Amino acid sequence: MSFQQHELAKFKAQFEQQNREWQTLVSAIEELDGRVALPADVLQVFDEVLDAGPATPRGALATPPHHYVRA
Amino acid sequence: MTQVTFNAVSSPYLAANTNVNGLTPESLMIYLGSRLNQLDEKIQTVFAKQERNQKVQAALNEIMTIVTEFQSSEDLSEEFVMTEETKAQIEANIEQIRAQDPQLAAEIDEQLRHGQVLNSNNCRYNTRQINATKEYLKGVTKDLESQTQLEMIGLQSDMSARQTAIQLATNLIAAMGESLKSVASNIR
């Protein structure tokens, strides 16, 4: 297998792994059962990531303020 | 390879719980799914192109191997004869390239039949034509490799963005879940 074939196989495996992570995420959201809300500017963060390629995620998102949680 | 469609249709729950007026996790997923679908189309296109390039490179290497084994002489004009079978092998490899990239195959066919090893109808060739063919094939291979490498860099960047977006969403939802548990335990 050439280097390029190896790299392509690696990317495909990574792609499949990401798809599994996505499905886990869907399940996690189902478990939350609509009991939480998200900060309004969160979409901008995803836009930054997807428009500009790899970026450092904002640290603030790792610990969302409690007032975003609807108990 | 499994193709996942990132939209609400894949999850009846998400479809039933989407609130377009507020930013619920479900609406985040719908939005993110839409963005990822666009990215996925791009990634799948590059995957397919990379696979085509690999097949083209294999066929080019095969032609190069055949030509390298041709007889040659210090007298660049001295003629030799290849077998009909050898000629058919070269043509078969050009056809394999045509199946992946018709434009490139047409160009290679044209070049090899004008001043290179497929120049003559009666399978005759000389060292000058061998050298010209080798140089031409090297150039085509090099261009293809450069193009492949550039696309790989782009693919790496897109995959990384996709990973970051999914990881970010996962961390966000996980943190939300933890916050929810914390609020619930405080109430108890």
# chains A, B, ... in the order shown; residues from 1 in each chain; ligands from 1
$ interface_residues --of "chain B" --to "chain A" --cutoff "6 Å" --atoms "only C-alpha atoms" --output "number ranges by chain"
B: 23-24, 157, 160-161, 170, 172, 175
$ residues_around --residues "stretch 86-90 of chain B" --least-positions-apart "2" --cutoff "10 Å" --atoms "only C-alpha atoms" --output "JSON, numbers by chain"
{"B": [59, 60, 62, 63, 64, 66, 67, 70, 82, 83, 84, 92, 93, 94, 95, 96, 109, 112, 117, 118, 123]}
$ write_last_selection --atoms "N, CA and C atoms" --output "compact mmCIF listing (two decimals), in the first residue's frame"
# COMPACT_ATOMS: atom_id res chain seq x y z
N ALA B 59 -1.74 2.88 -13.49
CA ALA B 59 -1.67 2.63 -14.93
C ALA B 59 -0.46 3.32 -15.55
N LEU B 60 -0.17 4.55 -15.09
CA LEU B 60 1.01 5.27 -15.59
C LEU B 60 2.29 4.52 -15.24
N GLU B 62 2.56 1.40 -14.78
CA GLU B 62 2.60 0.18 -15.59
C GLU B 62 3.17 0.50 -16.99
N ILE B 63 2.72 1.61 -17.58
CA ILE B 63 3.24 2.01 -18.90
C ILE B 63 4.73 2.29 -18.80
N MET B 64 5.11 2.99 -17.71
CA MET B 64 6.53 3.32 -17.50
C MET B 64 7.37 2.05 -17.39
N ILE B 66 6.73 -0.88 -18.70
CA ILE B 66 6.82 -1.50 -20.03
C ILE B 66 7.86 -0.78 -20.88
N VAL B 67 7.79 0.56 -20.87
CA VAL B 67 8.71 1.35 -21.71
C VAL B 67 10.16 1.20 -21.25
N PHE B 70 11.98 -1.63 -22.75
CA PHE B 70 12.23 -1.61 -24.20
C PHE B 70 13.74 -1.64 -24.49
N MET B 82 8.50 -3.54 -31.18
CA MET B 82 7.82 -4.12 -30.01
C MET B 82 6.77 -5.12 -30.52
N THR B 83 6.41 -6.06 -29.67
CA THR B 83 5.39 -7.04 -30.09
C THR B 83 4.01 -6.37 -30.06
N GLU B 84 3.11 -6.97 -30.80
CA GLU B 84 1.71 -6.47 -30.80
C GLU B 84 1.14 -6.55 -29.38
N ALA B 92 -4.00 -0.83 -23.36
CA ALA B 92 -4.94 -1.24 -22.30
C ALA B 92 -4.79 -0.35 -21.07
N ASN B 93 -3.55 0.01 -20.77
CA ASN B 93 -3.32 0.91 -19.62
C ASN B 93 -3.88 2.31 -19.89
N ILE B 94 -3.76 2.75 -21.14
CA ILE B 94 -4.36 4.05 -21.49
C ILE B 94 -5.87 3.97 -21.32
N GLU B 95 -6.45 2.84 -21.68
CA GLU B 95 -7.91 2.66 -21.51
C GLU B 95 -8.29 2.69 -20.03
N GLN B 96 -7.43 2.11 -19.19
CA GLN B 96 -7.70 2.15 -17.74
C GLN B 96 -7.69 3.59 -17.24
N ASP B 109 -2.69 9.54 -24.94
CA ASP B 109 -2.79 8.81 -26.20
C ASP B 109 -2.22 9.64 -27.35
N LEU B 112 1.67 9.93 -26.95
CA LEU B 112 2.40 8.70 -27.23
C LEU B 112 2.37 8.33 -28.72
N VAL B 117 6.54 6.43 -28.20
CA VAL B 117 6.64 5.00 -28.52
C VAL B 117 5.49 4.41 -29.35
N LEU B 118 4.34 5.10 -29.38
CA LEU B 118 3.25 4.57 -30.21
C LEU B 118 3.15 5.32 -31.54
N CYS B 123 4.58 -0.90 -35.04
CA CYS B 123 5.22 -1.24 -33.76
C CYS B 123 6.70 -0.89 -33.71
$ select_by_dssp --residues "stretch 17-122 of chain B" --states "alpha helix (DSSP H)" --output "number ranges by chain"
B: 25-68, 84-100, 102-113
$ atom_distance --atom1 "atom CA of B:Lys55" --atom2 "atom CA of B:Tyr125"
27.0 Å
$ atom_distance --atom1 "atom CA of B:Arg124" --atom2 "atom CA of B:Lys142"
27.7 Å
$ select_by_dssp --residues "chain B" --states "strand (DSSP E)" --output "PDB file with N, CA and C atoms, in the first residue's frame"
ATOM      1  N   GLU B  79      16.208   1.744 -34.894  1.00  0.00           N
ATOM      2  CA  GLU B  79      14.830   1.294 -34.664  1.00  0.00           C
ATOM      3  C   GLU B  79      14.746  -0.120 -34.118  1.00  0.00           C
ATOM      4  N   PHE B  80      13.776  -0.335 -33.260  1.00  0.00           N
ATOM      5  CA  PHE B  80      13.473  -1.674 -32.719  1.00  0.00           C
ATOM      6  C   PHE B  80      11.975  -1.922 -32.946  1.00  0.00           C
ATOM      7  N   VAL B  81      11.602  -3.149 -32.688  1.00  0.00           N
ATOM      8  CA  VAL B  81      10.184  -3.486 -32.896  1.00  0.00           C
ATOM      9  C   VAL B  81       9.604  -4.066 -31.603  1.00  0.00           C
ATOM     10  N   ARG B 124       7.169  -0.002 -34.556  1.00  0.00           N
ATOM     11  CA  ARG B 124       8.589   0.354 -34.528  1.00  0.00           C
ATOM     12  C   ARG B 124       8.790   1.572 -33.612  1.00  0.00           C
ATOM     13  N   TYR B 125       9.940   1.574 -32.952  1.00  0.00           N
ATOM     14  CA  TYR B 125      10.267   2.707 -32.083  1.00  0.00           C
ATOM     15  C   TYR B 125      11.777   2.879 -32.032  1.00  0.00           C
ATOM     16  N   ASN B 126      12.250   4.012 -31.588  1.00  0.00           N
ATOM     17  CA  ASN B 126      13.691   4.209 -31.405  1.00  0.00           C
ATOM     18  C   ASN B 126      13.959   4.786 -30.012  1.00  0.00           C
TER      19      ASN B 126
END
$ atom_distance --atom1 "atom CA of B:Glu85" --atom2 "atom CA of B:Asn122"
12.4 Å
$ closest_atom_pairs --of "stretch 130-157 of chain B" --to "stretch 41-44 of chain B" --cutoff "12 Å" --atoms "only C-alpha atoms" --output "CSV"
residue,atom,partner,partner_atom,distance
B:Glu151,CA,B:Ile43,CA,10.0
B:Met152,CA,B:Ile43,CA,10.2
B:Ile153,CA,B:Ile43,CA,11.7
B:Gly154,CA,B:Ile43,CA,9.1
B:Leu155,CA,B:Ile43,CA,6.5
B:Gln156,CA,B:Ile43,CA,9.5
B:Ser157,CA,B:Ile43,CA,10.2
